[in-house]
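Working notes, beginning with the structure itself.
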Protein chains: 2
Amino acid sequence: MANKPQLLTIQQASAATGLSVHTLRYYERIGLLRQIGRAENGHRRYSSVDMDRLKLLTKLILTKMPLEKVQRYALLMEQGDATIAERESILSAHRAEVLQQMDDLRETLAIIDYKLAIYKGKATT
Amino acid sequence: MANKPQLLTIQQASAATGLSVHTLRYYERIGLLRQIGRAENGHRRYSSVDMDRLKLLTKLILTKMPLEKVQRYALLMEQGDATIAERESILSAHRAEVLQQMDDLRETLAIIDYKLAIYKGKATT
DNA sequence: CCTTGACTTAGAGTCGACTCGAAGTTGTAG
DNA sequence: CTACAACTTCGAGTCGACTCTAAGTCAAGG
């Protein structure tokens with residue numbers, strides 16, 4: 001049993017990712033997505049490979065990787081196995097960033113909870 | 001024993017927070033910090049109260065609270081106990097945001113580690 | 001006395017990341 | 001046949017958050 005290609009329109013891709021259609025086209029323009037396939041009429045069709053890639057890249061963006069670096073990483077993905085070392089180093093660096101952010105969030109949460117405890121009837125600060 | 005005031009210059013405040021002196025003045029201008037005290041020559045002097053406040057606000061900013069909301073929160077702090085209810089609601093809302101971000105980070109970390117495992121000698125994707 | 005350097009203000013400029021607008025094409029519904 | 005809705009490209013515009021510049025003040029050092 002061959003599985004059908006499962007191609008999404010830009011609207012569907014937008015709904016699936018939460019990104020606007022404007023943003024999807026913008027990301028393609030700046031090279032985050034390789035050229036997306038087209039229907040006969042020229043309309044975009046997003047494959048599951050495209051969607052997987054988009055999911056990875058949006059996670060990186062969401063966790064504050066600058067578009068410029070995401071761009072670089074996306075470019076390397078186009079270029080095959082020779083670029084794995086650099087991709088690994090980009091991801092490792094971002095991994096450290098992610099851990100740092102988790103720490104920041106934990107500290108922030110502690111401060112918020114401290115403030116909320118004060119607000120809840122105790123003192124006034 | 002009276003503890004000495006411990007007033008910092010803008011440079012010291014900058015070093016202590018990691019914010020540029022430009023940014024410190026900018027934050028003051030837009031109302032994140034109430035008017036900072038001045039030396040006789042008009043130079044800013046940051047008190048430990050100012051620094052504490054700055055520490056809280058920068059944590060909020062770091063965890064993606066828009067400046068506009070931080071501004072609102074800062075304004076409410078000026079206005080005393082009558083505004084505690086709204087401040088509580090702002091912080092509670094941001095608390096939920098923070099938890100969401102932690103989830104995003106956890107997911108991102110999982111994806112990064114998955115990719116890194118692939119890169120480390122196994123497959124090529 | 002003059003220069004140097006840190007500070008002051010107010011306004012302008014920059015940068016990253018979208019977001020929108022104009023002009024044109026295509027497919028479907030009435 | 002015509003209207004319309006959704007798509008296309010590509011350049012321009014916006015927005016949030018700084019970041020810098022200009023012009024001026026002041027204190028200390030040579």
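Residue numbering restarts at 1 for every chain of the structure tokens, chains are lettered A, B, ... in their displayed order, and ligands are numbered from 1 as they appear.
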Provide as a list in words the residues of chain B at most 9 Å from chain C, counting only C-alpha atoms (C1' of nucleotides).
Asn41, Gly42, His43 and Arg44 of chain B
Put those residues in a file: C-alpha atoms, as a CSV table (one decimal), in the first residue's frame.
```csv
chain,number,residue,atom,x,y,z
B,41,ASN,CA,25.5,67.4,39.7
B,42,GLY,CA,22.4,65.8,38.2
B,43,HIS,CA,23.9,62.3,37.6
B,44,ARG,CA,21.8,59.3,38.3
```
Please return, as a PyMOL selection string, all residues of chain A lying within 12 Å of chain D when only C-alpha atoms (C1' of nucleotides) are considered.
chain A and resi 9-11+21+25-26+29+38-39+41-45
Output file for the selection above: N, CA and C atoms, as a CSV table (one decimal), in the first residue's frame:
```
chain,number,residue,atom,x,y,z
A,9,THR,N,-2.2,22.9,1.2
A,9,THR,CA,-2.1,24.2,0.6
A,9,THR,C,-1.5,25.2,1.7
A,10,ILE,N,-1.2,26.4,1.2
A,10,ILE,CA,-0.6,27.3,2.2
A,10,ILE,C,-1.5,27.6,3.3
A,11,GLN,N,-2.8,27.6,3.1
A,11,GLN,CA,-3.7,27.9,4.2
A,11,GLN,C,-3.6,26.7,5.2
A,21,VAL,N,0.1,33.1,6.4
A,21,VAL,CA,0.6,32.8,5.1
A,21,VAL,C,1.7,33.7,4.6
A,25,ARG,N,5.4,32.5,3.3
A,25,ARG,CA,6.1,32.9,2.1
A,25,ARG,C,7.4,33.7,2.4
A,26,TYR,N,7.4,34.4,3.4
A,26,TYR,CA,8.6,35.2,3.9
A,26,TYR,C,9.7,34.2,4.2
A,29,ARG,N,11.1,32.8,1.1
A,29,ARG,CA,11.9,33.8,0.4
A,29,ARG,C,13.3,33.9,1.0
A,38,ARG,N,5.0,23.0,-6.3
A,38,ARG,CA,3.8,23.7,-6.8
A,38,ARG,C,2.8,22.8,-7.5
A,39,ALA,N,1.6,23.2,-7.4
A,39,ALA,CA,0.5,22.6,-8.2
A,39,ALA,C,0.6,23.1,-9.6
A,41,ASN,N,-1.2,25.1,-11.2
A,41,ASN,CA,-1.5,26.5,-11.3
A,41,ASN,C,-0.4,27.4,-10.6
A,42,GLY,N,0.6,26.8,-10.1
A,42,GLY,CA,1.6,27.6,-9.5
A,42,GLY,C,1.5,27.7,-8.0
A,43,HIS,N,0.4,27.2,-7.4
A,43,HIS,CA,0.1,27.3,-6.0
A,43,HIS,C,1.1,26.4,-5.2
A,44,ARG,N,1.4,26.8,-4.0
A,44,ARG,CA,2.3,26.0,-3.2
A,44,ARG,C,1.6,24.8,-2.7
A,45,ARG,N,2.4,23.7,-2.6
A,45,ARG,CA,1.9,22.5,-1.9
A,45,ARG,C,3.0,22.0,-1.0
```
Run DSSP on the backbone and grab whatever in region 23-114 of chain A lands in helix (DSSP H, G or I); send it over as an MDAnalysis selection string.
chainID A and resid 23:29 48:62 67:78 81:114
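Among A:Gln100, A:Ser47, A:Ser20, A:Gln6, the residue with the shortest atom-to-atom distance to chain B, counting only C-alpha atoms, is A:Gln100.
Interatomic distance, CA of Leu56 (chain A) to CA of Ile112 (chain B): 8.6 Å.
When only C-alpha atoms are used to compute distances to chain A, the closest of the residues B:Gly37, B:Gly31, B:Pro5, B:Gly80 turns out to be B:Gly80.
Between CA of Leu8 (chain A) and CA of Ser48 (chain A) the separation is 8.4 Å.
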Dump as CSV the rows for residues of chain A within 10 Å of chain B: closest atom pair and distance in Å with one decimal, only C-alpha atoms counted, ordered by chain and rising residue number.
```
residue,atom,partner,partner_atom,distance
A:Lys55,CA,B:Ile111,CA,9.7
A:Leu56,CA,B:Ile111,CA,7.3
A:Leu57,CA,B:Thr108,CA,9.7
A:Thr58,CA,B:Thr108,CA,9.4
A:Lys59,CA,B:Thr108,CA,5.7
A:Leu60,CA,B:Thr108,CA,6.9
A:Ile61,CA,B:Thr108,CA,9.9
A:Leu62,CA,B:Asp104,CA,7.7
A:Thr63,CA,B:Leu105,CA,6.6
A:Met77,CA,B:Thr125,CA,8.1
A:Gly80,CA,B:Thr125,CA,8.3
A:Asp81,CA,B:Thr124,CA,6.6
A:Ile84,CA,B:Tyr119,CA,6.5
A:Ala85,CA,B:Tyr119,CA,8.0
A:Arg87,CA,B:Tyr119,CA,8.5
A:Glu88,CA,B:Leu116,CA,6.3
A:Ser89,CA,B:Leu116,CA,9.3
A:Leu91,CA,B:Ile112,CA,6.4
A:Ser92,CA,B:Leu116,CA,7.8
A:His94,CA,B:Ile112,CA,8.5
A:Arg95,CA,B:Leu109,CA,6.6
A:Ala96,CA,B:Leu109,CA,9.6
A:Glu97,CA,B:Leu105,CA,10.0
A:Val98,CA,B:Leu105,CA,6.3
A:Leu99,CA,B:Leu105,CA,8.1
A:Gln101,CA,B:Leu105,CA,7.9
A:Met102,CA,B:Met102,CA,6.4
A:Asp103,CA,B:Met102,CA,9.6
A:Asp104,CA,B:Lys59,CA,7.4
A:Leu105,CA,B:Val98,CA,6.3
A:Arg106,CA,B:Val98,CA,8.5
A:Glu107,CA,B:Lys59,CA,8.0
A:Thr108,CA,B:Lys59,CA,5.7
A:Leu109,CA,B:Arg95,CA,6.6
A:Ala110,CA,B:Arg95,CA,9.8
A:Ile111,CA,B:Leu56,CA,7.3
A:Ile112,CA,B:Leu91,CA,6.4
A:Asp113,CA,B:Arg95,CA,8.2
A:Lys115,CA,B:Glu88,CA,8.3
A:Leu116,CA,B:Glu88,CA,6.3
A:Ala117,CA,B:Glu88,CA,9.6
A:Ile118,CA,B:Glu88,CA,9.7
A:Tyr119,CA,B:Ile84,CA,6.5
A:Lys120,CA,B:Glu88,CA,8.3
A:Gly121,CA,B:Ile84,CA,9.9
A:Ala123,CA,B:Asp81,CA,9.9
A:Thr124,CA,B:Asp81,CA,6.6
A:Thr125,CA,B:Asp81,CA,8.1
```
Store the residues picked out above in a file with C-alpha atoms, as an mmCIF file, in the first residue's frame.
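The new file again.cif reads:
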```cif
data_model
loop_
_atom_site.group_PDB
_atom_site.id
_atom_site.type_symbol
_atom_site.label_atom_id
_atom_site.label_comp_id
_atom_site.auth_asym_id
_atom_site.auth_seq_id
_atom_site.Cartn_x
_atom_site.Cartn_y
_atom_site.Cartn_z
ATOM 1 C CA LYS A 55 8.333 22.224 12.724
ATOM 2 C CA LEU A 56 12.023 22.005 13.565
ATOM 3 C CA LEU A 57 12.814 25.499 12.363
ATOM 4 C CA THR A 58 9.895 27.133 14.135
ATOM 5 C CA LYS A 59 10.979 25.485 17.375
ATOM 6 C CA LEU A 60 14.415 27.007 16.939
ATOM 7 C CA ILE A 61 12.894 30.393 16.186
ATOM 8 C CA LEU A 62 10.488 30.163 19.099
ATOM 9 C CA THR A 63 13.405 29.562 21.424
ATOM 10 C CA MET A 77 20.594 21.106 5.341
ATOM 11 C CA GLY A 80 24.125 17.136 2.438
ATOM 12 C CA ASP A 81 26.329 15.170 4.764
ATOM 13 C CA ILE A 84 26.904 17.763 9.385
ATOM 14 C CA ALA A 85 29.785 18.943 11.558
ATOM 15 C CA ARG A 87 25.068 21.714 11.833
ATOM 16 C CA GLU A 88 26.004 19.777 14.929
ATOM 17 C CA SER A 89 27.911 22.729 16.283
ATOM 18 C CA LEU A 91 22.587 22.791 17.398
ATOM 19 C CA SER A 92 24.942 22.200 20.309
ATOM 20 C CA HIS A 94 21.639 26.404 20.680
ATOM 21 C CA ARG A 95 21.188 23.565 23.117
ATOM 22 C CA ALA A 96 23.220 25.512 25.644
ATOM 23 C CA GLU A 97 21.069 28.564 24.913
ATOM 24 C CA VAL A 98 17.964 26.526 25.587
ATOM 25 C CA LEU A 99 19.288 25.352 28.944
ATOM 26 C CA GLN A 101 16.626 30.011 28.982
ATOM 27 C CA MET A 102 15.200 27.272 31.169
ATOM 28 C CA ASP A 103 17.213 28.645 34.044
ATOM 29 C CA ASP A 104 15.982 32.156 33.339
ATOM 30 C CA LEU A 105 12.439 30.870 33.327
ATOM 31 C CA ARG A 106 12.893 29.036 36.592
ATOM 32 C CA GLU A 107 14.269 32.153 38.250
ATOM 33 C CA THR A 108 11.479 34.247 36.831
ATOM 34 C CA LEU A 109 8.898 31.772 38.044
ATOM 35 C CA ALA A 110 10.373 31.908 41.527
ATOM 36 C CA ILE A 111 10.190 35.701 41.552
ATOM 37 C CA ILE A 112 6.640 35.726 40.218
ATOM 38 C CA ASP A 113 5.509 33.214 42.815
ATOM 39 C CA LYS A 115 5.408 38.351 44.413
ATOM 40 C CA LEU A 116 2.095 36.575 44.091
ATOM 41 C CA ALA A 117 2.463 35.214 47.611
ATOM 42 C CA ILE A 118 3.001 38.736 48.868
ATOM 43 C CA TYR A 119 0.013 40.028 46.960
ATOM 44 C CA LYS A 120 -2.189 37.270 48.291
ATOM 45 C CA GLY A 121 -3.084 39.016 51.487
ATOM 46 C CA ALA A 123 2.401 42.135 52.862
ATOM 47 C CA THR A 124 2.218 44.973 50.356
ATOM 48 C CA THR A 125 5.134 45.374 47.976
#
```
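Take CA of Gln71 (chain B) and CA of Thr23 (chain A): the distance between them is 28.6 Å.
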Give me, as a ChimeraX atom specification, the residues of chain B that a backbone DSSP run labels strand (DSSP E).
/B:37-38,44-45
